[in-house]
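Engineer: Mind having a look at this structure? Questions to follow.
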Amino acid sequence: MKQLLTGKQMKQADTWSIKEFGMESLILMERAALCAAQHIMSVQKPGCVFIMCGMGNNGADGLAMARILSQNGWSVRIAAIGQIEKATKEWLYQKSLLDKMEILPVQYFYESDDKDEEEYRSALSNLYVPAQVYVDALFGVGLSRKVSGVYRAAIEEWNEHKKKCGAYGVAVDICSGLDAKSGQVLGAYVKADVQITFGYGKVGQFLYPGASLSDQTITCDIGMPNEAVYHVDGFPFNCLEKSDAKDWLGSRCLWGNKGTFGRVVIIAGSSGMAGAAYLSALAAYRTGAGLVDIVTPKCNRLVLQQLLPEAVLHCISEISEISKDEDEEQLAYLRNEVLPKAKAIVIGPGLSTDTLAKKLLDMVLEWNRSQNCPIVIDADALNLLAMRTNIDHAEYLGENVILTPHPGELGRLMNSSAKEAAKNLLYFAEELQKKFGCICVCKDARTVILTQKNRYLNLTGNSGMATGGSGDVLTGVIASLAAQGLSAERAAVLGVWLHGAAGDEAAKEKSPYSMIARDLADGLSKVLIQISRKKV
Ligand SMILES: NC(=O)C1=CN([C@@H]2O[C@H](COP(=O)(O)OP(=O)(O)OC[C@H]3O[C@@H](n4cnc5c(N)ncnc54)[C@H](O)[C@@H]3O)[C@@H](O)[C@H]2O)[C@@H](O)CC1
Ligand SMILES: [K+]
């Protein structure tokens, strides 16, 4: 399992390693600089390298790299941006070593208020020499505000000159301008070929748009003690990898019957929305559930029977079509005959928010209070949840309830907008988890999964999955895994991973442009072939 930290957590881990564990800051820095320099030497023959340094420890890494590369036959040019009075002690130390080597001019560029950005850029232009490698060591995890003035000009010149001379761009620790927690860019930002990041990957490097700033992010071990990660506020973000997916999936019982592999009840669809029920149910079967029941309005009977004859259909009448008694009767049937057989329930895809949908959600939530059955709440059921204002959600929803909002639904659940939710996905996810106390799967280009105790970031998937019905497929995958016996938390995390990996398989065959939700179901089979164990 790969672990990621926010910038603040990384600084806490650094501080603990230095102050409590007693590891010298300069030892960590030497290893960091060596890793980055070695990467450069492994991909390029000695030549000319240009290094843009700030005055913090990221800049100090850049100076240490200059020393190492110079000792290895590189011609080095450094532009130091900022005020020397702000330099850290590590920076001054690294500079003193360069001075003793008498080889490296460090050209300073001071912050001053009397220049506008254009003037800064033309002055900087002379410092940025043609080189085969461009290194960005301006800001690391210490970036604390929007980039402006000389720093903005320095970044823009760096990008432009790098492009002009076709240089290989290396960002030290993180692309300058990228927020290490949110993945948002603050003013100006470096676009590099690779980020060489130290100790742990930073969450912001894997969330978008941050994840698009470099082609590659390489995490280097710099000798930080393993315990450091336990001395940070909150929890690190865990990223499931293929080997973890294999472990979590386990092996399928060779002598199992359809009862062994769980029954999923899917309450989904409304007039014109049969597809949502179909995709959820198809995905539940394709992920291995033994039986799938669909509870849906009568109007969807024919189409669902034709599309998925394997499913058990329970067709219900719209409230307007039946008497009050008949309505009570059909709800009692579901409560007494259908829900008790479920090993996992999905409610919401294409359900609508009408009175019947509301009653169905009430019934399922009531069921959840007395039964230990994992429930995936999605789409319209989330919209209905957002309309409720007078219940204590954390008490009402248990730890085996899984909410799967996209940014629009997340915004509604938190009385905000889709735009805000997408921009501050981590913050919104944290607030949602606090509000409802259950498992929150906040879907976007990168999906964040939060539980009471753990935080996960999913790294599979691609833009082709931004297509109608993709979320419906996810509900079926998660419920299917839960029905087969995985804990609700593992079902949610593995389900999101599997769904993304299925999307990656579909993209290989169809391209992200032309893949549709159904292709994800084919993708699921391919991924399951790769990760399922051959033997018990
Ligand atoms: N021993 C350590 O602490 C280690 C630190 N390392 C490096 O140190 C970095 C962190 O160093 P620092 O904490 O000194 O932080 P940074 O070097 O990332 O930047 C901090 C400096 O930038 C200034 N600053 C922040 N935002 C700004 C903005 N928008 N405009 C202008 N100035 C701005 C701050 O005032 C401060 O002077 C890591 O990213 C990593 O590269 C590594 O060498 C590993 C070991
Ligand atoms: K940097």
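Lettering and numbering for the structure tokens are positional, with chains as A, B, ... in the shown order, residues counted from 1 in each chain, and ligands counted from 1 in the shown order.
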Using only C-alpha atoms and all ligand atoms, determine which residues fall within 8 Å of ligand 1, then list them as JSON, numbers by chain.
Structural biologist: {"A": [11, 14, 15, 18, 24, 25, 26, 27, 28, 29, 30, 31, 32, 33, 54, 55, 56, 57, 58, 59, 60, 61, 82, 86, 87, 88, 137, 138, 139, 140, 141, 142, 143, 144, 145, 146, 147, 148, 151, 172, 173, 174, 177, 186, 197, 198, 199, 222]}
Engineer: Which residues are close to Gly464 of chain A, i.e. within 12 Å by only C-alpha atoms, leaving aside same-chain residues fewer than 4 positions away? Reply as a VMD selection string.
Structural biologist: chain A and resid 445 460 468 to 470 500 to 520
Engineer: Export C-alpha atoms of the chosen residues as a PDB file, in the first residue's frame?
Structural biologist:
ATOM      1  CA  ALA A 445     -10.937  12.181 -11.431  1.00  0.00           C
ATOM      2  CA  THR A 460      -6.719   3.969 -11.054  1.00  0.00           C
ATOM      3  CA  GLY A 468     -23.146   8.480 -18.122  1.00  0.00           C
ATOM      4  CA  GLY A 469     -23.684   5.323 -16.079  1.00  0.00           C
ATOM      5  CA  SER A 470     -20.124   4.960 -14.821  1.00  0.00           C
ATOM      6  CA  GLY A 500     -10.866   2.455 -12.133  1.00  0.00           C
ATOM      7  CA  ALA A 501      -8.723  -0.478 -13.257  1.00  0.00           C
ATOM      8  CA  ALA A 502     -11.658  -1.730 -15.371  1.00  0.00           C
ATOM      9  CA  GLY A 503     -11.833   1.750 -16.890  1.00  0.00           C
ATOM     10  CA  ASP A 504      -8.129   1.577 -17.715  1.00  0.00           C
ATOM     11  CA  GLU A 505      -8.674  -1.756 -19.478  1.00  0.00           C
ATOM     12  CA  ALA A 506     -11.623  -0.306 -21.404  1.00  0.00           C
ATOM     13  CA  ALA A 507      -9.560   2.740 -22.427  1.00  0.00           C
ATOM     14  CA  LYS A 508      -6.852   0.485 -23.877  1.00  0.00           C
ATOM     15  CA  GLU A 509      -9.396  -1.075 -26.188  1.00  0.00           C
ATOM     16  CA  LYS A 510     -11.820   1.731 -26.939  1.00  0.00           C
ATOM     17  CA  SER A 511      -9.872   4.932 -26.088  1.00  0.00           C
ATOM     18  CA  PRO A 512     -11.154   7.307 -23.416  1.00  0.00           C
ATOM     19  CA  TYR A 513     -13.155   9.096 -26.131  1.00  0.00           C
ATOM     20  CA  SER A 514     -15.407   6.264 -27.131  1.00  0.00           C
ATOM     21  CA  MET A 515     -15.713   4.030 -24.098  1.00  0.00           C
ATOM     22  CA  ILE A 516     -19.122   3.850 -22.425  1.00  0.00           C
ATOM     23  CA  ALA A 517     -20.270   2.556 -19.058  1.00  0.00           C
ATOM     24  CA  ARG A 518     -21.007  -0.939 -20.366  1.00  0.00           C
ATOM     25  CA  ASP A 519     -17.356  -1.274 -21.399  1.00  0.00           C
ATOM     26  CA  LEU A 520     -16.443  -1.039 -17.739  1.00  0.00           C
TER      27      LEU A 520
END
Engineer: Show which residues sit within 8 Å of segment 283-295 of chain A, as a PDB file with N, CA and C atoms, in the first residue's frame. Count only C-alpha atoms, and ignore same-chain residues fewer than 3 positions away.
Structural biologist:
ATOM      1  N   ASN A 257     -21.653 -22.156  -3.773  1.00  0.00           N
ATOM      2  CA  ASN A 257     -22.830 -22.081  -4.632  1.00  0.00           C
ATOM      3  C   ASN A 257     -23.285 -20.626  -4.682  1.00  0.00           C
ATOM      4  N   LYS A 258     -24.402 -20.376  -5.370  1.00  0.00           N
ATOM      5  CA  LYS A 258     -24.736 -18.953  -5.554  1.00  0.00           C
ATOM      6  C   LYS A 258     -25.063 -18.266  -4.222  1.00  0.00           C
ATOM      7  N   GLY A 259     -25.456 -19.055  -3.242  1.00  0.00           N
ATOM      8  CA  GLY A 259     -25.703 -18.482  -1.916  1.00  0.00           C
ATOM      9  C   GLY A 259     -24.403 -18.062  -1.248  1.00  0.00           C
ATOM     10  N   THR A 260     -23.335 -18.821  -1.514  1.00  0.00           N
ATOM     11  CA  THR A 260     -22.038 -18.515  -0.891  1.00  0.00           C
ATOM     12  C   THR A 260     -21.564 -17.122  -1.297  1.00  0.00           C
ATOM     13  N   PHE A 261     -21.848 -16.741  -2.531  1.00  0.00           N
ATOM     14  CA  PHE A 261     -21.260 -15.515  -3.066  1.00  0.00           C
ATOM     15  C   PHE A 261     -22.156 -14.287  -2.902  1.00  0.00           C
ATOM     16  N   GLY A 262     -23.171 -14.413  -2.088  1.00  0.00           N
ATOM     17  CA  GLY A 262     -23.922 -13.243  -1.666  1.00  0.00           C
ATOM     18  C   GLY A 262     -24.992 -12.783  -2.627  1.00  0.00           C
ATOM     19  N   ARG A 263     -26.009 -12.163  -2.038  1.00  0.00           N
ATOM     20  CA  ARG A 263     -27.125 -11.658  -2.821  1.00  0.00           C
ATOM     21  C   ARG A 263     -27.159 -10.135  -2.694  1.00  0.00           C
ATOM     22  N   VAL A 264     -27.173  -9.475  -3.816  1.00  0.00           N
ATOM     23  CA  VAL A 264     -27.206  -8.006  -3.814  1.00  0.00           C
ATOM     24  C   VAL A 264     -28.609  -7.555  -4.203  1.00  0.00           C
ATOM     25  N   VAL A 265     -29.199  -6.669  -3.411  1.00  0.00           N
ATOM     26  CA  VAL A 265     -30.499  -6.103  -3.771  1.00  0.00           C
ATOM     27  C   VAL A 265     -30.282  -4.669  -4.247  1.00  0.00           C
ATOM     28  N   ILE A 266     -30.707  -4.412  -5.469  1.00  0.00           N
ATOM     29  CA  ILE A 266     -30.497  -3.087  -6.067  1.00  0.00           C
ATOM     30  C   ILE A 266     -31.840  -2.383  -6.228  1.00  0.00           C
ATOM     31  N   ILE A 267     -31.998  -1.279  -5.544  1.00  0.00           N
ATOM     32  CA  ILE A 267     -33.247  -0.514  -5.633  1.00  0.00           C
ATOM     33  C   ILE A 267     -32.937   0.677  -6.532  1.00  0.00           C
ATOM     34  N   ALA A 268     -33.375   0.599  -7.766  1.00  0.00           N
ATOM     35  CA  ALA A 268     -32.897   1.576  -8.744  1.00  0.00           C
ATOM     36  C   ALA A 268     -33.863   1.701  -9.917  1.00  0.00           C
ATOM     37  N   ALA A 277     -30.372   0.909 -13.350  1.00  0.00           N
ATOM     38  CA  ALA A 277     -30.559  -0.357 -12.630  1.00  0.00           C
ATOM     39  C   ALA A 277     -29.783  -1.471 -13.336  1.00  0.00           C
ATOM     40  N   LEU A 279     -27.051  -1.261 -15.272  1.00  0.00           N
ATOM     41  CA  LEU A 279     -25.593  -1.156 -15.139  1.00  0.00           C
ATOM     42  C   LEU A 279     -25.129  -1.557 -13.745  1.00  0.00           C
ATOM     43  N   SER A 280     -25.899  -1.154 -12.735  1.00  0.00           N
ATOM     44  CA  SER A 280     -25.531  -1.514 -11.365  1.00  0.00           C
ATOM     45  C   SER A 280     -25.605  -3.032 -11.189  1.00  0.00           C
ATOM     46  N   GLU A 310     -30.545 -12.688 -16.087  1.00  0.00           N
ATOM     47  CA  GLU A 310     -29.984 -13.338 -14.885  1.00  0.00           C
ATOM     48  C   GLU A 310     -30.504 -12.697 -13.596  1.00  0.00           C
ATOM     49  N   ALA A 311     -30.997 -11.461 -13.676  1.00  0.00           N
ATOM     50  CA  ALA A 311     -31.423 -10.762 -12.449  1.00  0.00           C
ATOM     51  C   ALA A 311     -32.821 -11.199 -12.023  1.00  0.00           C
ATOM     52  N   VAL A 312     -33.076 -11.147 -10.703  1.00  0.00           N
ATOM     53  CA  VAL A 312     -34.415 -11.431 -10.174  1.00  0.00           C
ATOM     54  C   VAL A 312     -35.129 -10.082 -10.048  1.00  0.00           C
ATOM     55  N   LEU A 313     -36.262  -9.952 -10.746  1.00  0.00           N
ATOM     56  CA  LEU A 313     -36.942  -8.651 -10.760  1.00  0.00           C
ATOM     57  C   LEU A 313     -38.076  -8.580  -9.742  1.00  0.00           C
ATOM     58  N   HIS A 314     -38.173  -7.458  -9.026  1.00  0.00           N
ATOM     59  CA  HIS A 314     -39.315  -7.188  -8.159  1.00  0.00           C
ATOM     60  C   HIS A 314     -39.887  -5.865  -8.648  1.00  0.00           C
ATOM     61  N   CYS A 315     -40.968  -5.936  -9.413  1.00  0.00           N
ATOM     62  CA  CYS A 315     -41.486  -4.704 -10.003  1.00  0.00           C
ATOM     63  C   CYS A 315     -42.529  -4.081  -9.087  1.00  0.00           C
ATOM     64  N   ILE A 316     -42.378  -2.801  -8.877  1.00  0.00           N
ATOM     65  CA  ILE A 316     -43.298  -2.112  -7.971  1.00  0.00           C
ATOM     66  C   ILE A 316     -44.101  -1.066  -8.745  1.00  0.00           C
ATOM     67  N   VAL A 473     -22.260   1.709 -12.336  1.00  0.00           N
ATOM     68  CA  VAL A 473     -21.409   0.509 -12.335  1.00  0.00           C
ATOM     69  C   VAL A 473     -20.687   0.394 -10.989  1.00  0.00           C
ATOM     70  N   LEU A 474     -20.167   1.533 -10.509  1.00  0.00           N
ATOM     71  CA  LEU A 474     -19.429   1.498  -9.236  1.00  0.00           C
ATOM     72  C   LEU A 474     -20.292   0.958  -8.088  1.00  0.00           C
ATOM     73  N   THR A 475     -21.552   1.361  -8.041  1.00  0.00           N
ATOM     74  CA  THR A 475     -22.408   0.904  -6.930  1.00  0.00           C
ATOM     75  C   THR A 475     -22.493  -0.624  -6.930  1.00  0.00           C
ATOM     76  N   GLY A 476     -22.641  -1.191  -8.121  1.00  0.00           N
ATOM     77  CA  GLY A 476     -22.763  -2.648  -8.232  1.00  0.00           C
ATOM     78  C   GLY A 476     -21.482  -3.350  -7.823  1.00  0.00           C
ATOM     79  N   VAL A 477     -20.345  -2.767  -8.204  1.00  0.00           N
ATOM     80  CA  VAL A 477     -19.054  -3.385  -7.867  1.00  0.00           C
ATOM     81  C   VAL A 477     -18.882  -3.407  -6.340  1.00  0.00           C
ATOM     82  N   ILE A 478     -19.126  -2.268  -5.706  1.00  0.00           N
ATOM     83  CA  ILE A 478     -18.916  -2.183  -4.245  1.00  0.00           C
ATOM     84  C   ILE A 478     -19.862  -3.141  -3.519  1.00  0.00           C
ATOM     85  N   ALA A 479     -21.146  -3.109  -3.911  1.00  0.00           N
ATOM     86  CA  ALA A 479     -22.126  -3.957  -3.215  1.00  0.00           C
ATOM     87  C   ALA A 479     -21.800  -5.435  -3.419  1.00  0.00           C
ATOM     88  N   SER A 480     -21.334  -5.781  -4.611  1.00  0.00           N
ATOM     89  CA  SER A 480     -21.000  -7.168  -4.901  1.00  0.00           C
ATOM     90  C   SER A 480     -19.877  -7.649  -3.984  1.00  0.00           C
ATOM     91  N   LEU A 481     -18.844  -6.817  -3.813  1.00  0.00           N
ATOM     92  CA  LEU A 481     -17.721  -7.208  -2.950  1.00  0.00           C
ATOM     93  C   LEU A 481     -18.188  -7.342  -1.505  1.00  0.00           C
ATOM     94  N   ALA A 483     -21.222  -8.067  -0.529  1.00  0.00           N
ATOM     95  CA  ALA A 483     -22.081  -9.254  -0.432  1.00  0.00           C
ATOM     96  C   ALA A 483     -21.251 -10.535  -0.357  1.00  0.00           C
ATOM     97  N   GLN A 484     -20.041 -10.473  -0.939  1.00  0.00           N
ATOM     98  CA  GLN A 484     -19.175 -11.666  -0.904  1.00  0.00           C
ATOM     99  C   GLN A 484     -18.362 -11.759   0.386  1.00  0.00           C
ATOM    100  N   ALA A 521     -17.897  -2.954 -17.563  1.00  0.00           N
ATOM    101  CA  ALA A 521     -18.227  -4.317 -17.122  1.00  0.00           C
ATOM    102  C   ALA A 521     -17.293  -5.324 -17.802  1.00  0.00           C
ATOM    103  N   LEU A 524     -14.012  -5.084 -16.120  1.00  0.00           N
ATOM    104  CA  LEU A 524     -13.989  -5.767 -14.814  1.00  0.00           C
ATOM    105  C   LEU A 524     -13.502  -7.198 -14.972  1.00  0.00           C
ATOM    106  N   SER A 525     -14.027  -7.875 -16.000  1.00  0.00           N
ATOM    107  CA  SER A 525     -13.624  -9.272 -16.200  1.00  0.00           C
ATOM    108  C   SER A 525     -12.124  -9.367 -16.438  1.00  0.00           C
ATOM    109  N   LEU A 528     -10.257  -8.783 -13.179  1.00  0.00           N
ATOM    110  CA  LEU A 528     -10.437  -9.902 -12.246  1.00  0.00           C
ATOM    111  C   LEU A 528      -9.614 -11.124 -12.670  1.00  0.00           C
TER     112      LEU A 528
END
Engineer: Just how far from atom CA of Asp99 of chain A is atom CA of Tyr120 of chain A, in Å to one decimal?
Structural biologist: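 Computing the Euclidean distance for atom CA of Tyr120 of chain A and atom CA of Asp99 of chain A yields 26.4 Å.
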Engineer: Which residue is closest to ligand 2? Choose from A:Asn390, A:Asn462, A:Ser416, A:Ser176 and count only C-alpha atoms and all ligand atoms.
Structural biologist: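 Among A:Asn390, A:Asn462, A:Ser416, A:Ser176, it is A:Ser176 that comes nearest to ligand 2.
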Engineer: Tell me which protein, DNA and RNA residues are within 6 Å of segment 232-238 of chain A, counting only C-alpha atoms, leaving out same-chain ones fewer than 6 positions away, and put them as a PDB file with C-alpha atoms, in the first residue's frame.
Structural biologist:
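Okay, this is what ended up in out.pdb:
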ATOM      1  CA  LYS A   2       1.481   3.299  -1.061  1.00  0.00           C
ATOM      2  CA  GLN A   3       1.164   6.107   1.514  1.00  0.00           C
ATOM      3  CA  LEU A   4       0.877   9.801   0.690  1.00  0.00           C
ATOM      4  CA  LEU A   5       1.166  12.792   3.004  1.00  0.00           C
ATOM      5  CA  GLN A   9       2.188  16.175   7.453  1.00  0.00           C
ATOM      6  CA  GLN A  12       5.722  17.176  10.748  1.00  0.00           C
ATOM      7  CA  ARG A 455      -8.109   7.832   4.453  1.00  0.00           C
ATOM      8  CA  TYR A 456      -7.607   6.493   0.956  1.00  0.00           C
TER       9      TYR A 456
END
Engineer: Considering only strand (DSSP E or B) as DSSP defines it on the backbone, what residues of segment 80-284 of chain A qualify? List them as JSON, numbers by chain.
Structural biologist: {"A": [80, 81, 106, 107, 108, 109, 133, 134, 135, 136, 137, 168, 169, 170, 171, 172, 178, 185, 192, 193, 194, 195, 196, 197, 198, 201, 202, 214, 215, 216, 217, 218, 219, 220, 237, 238, 239, 263, 264, 265, 266, 267]}
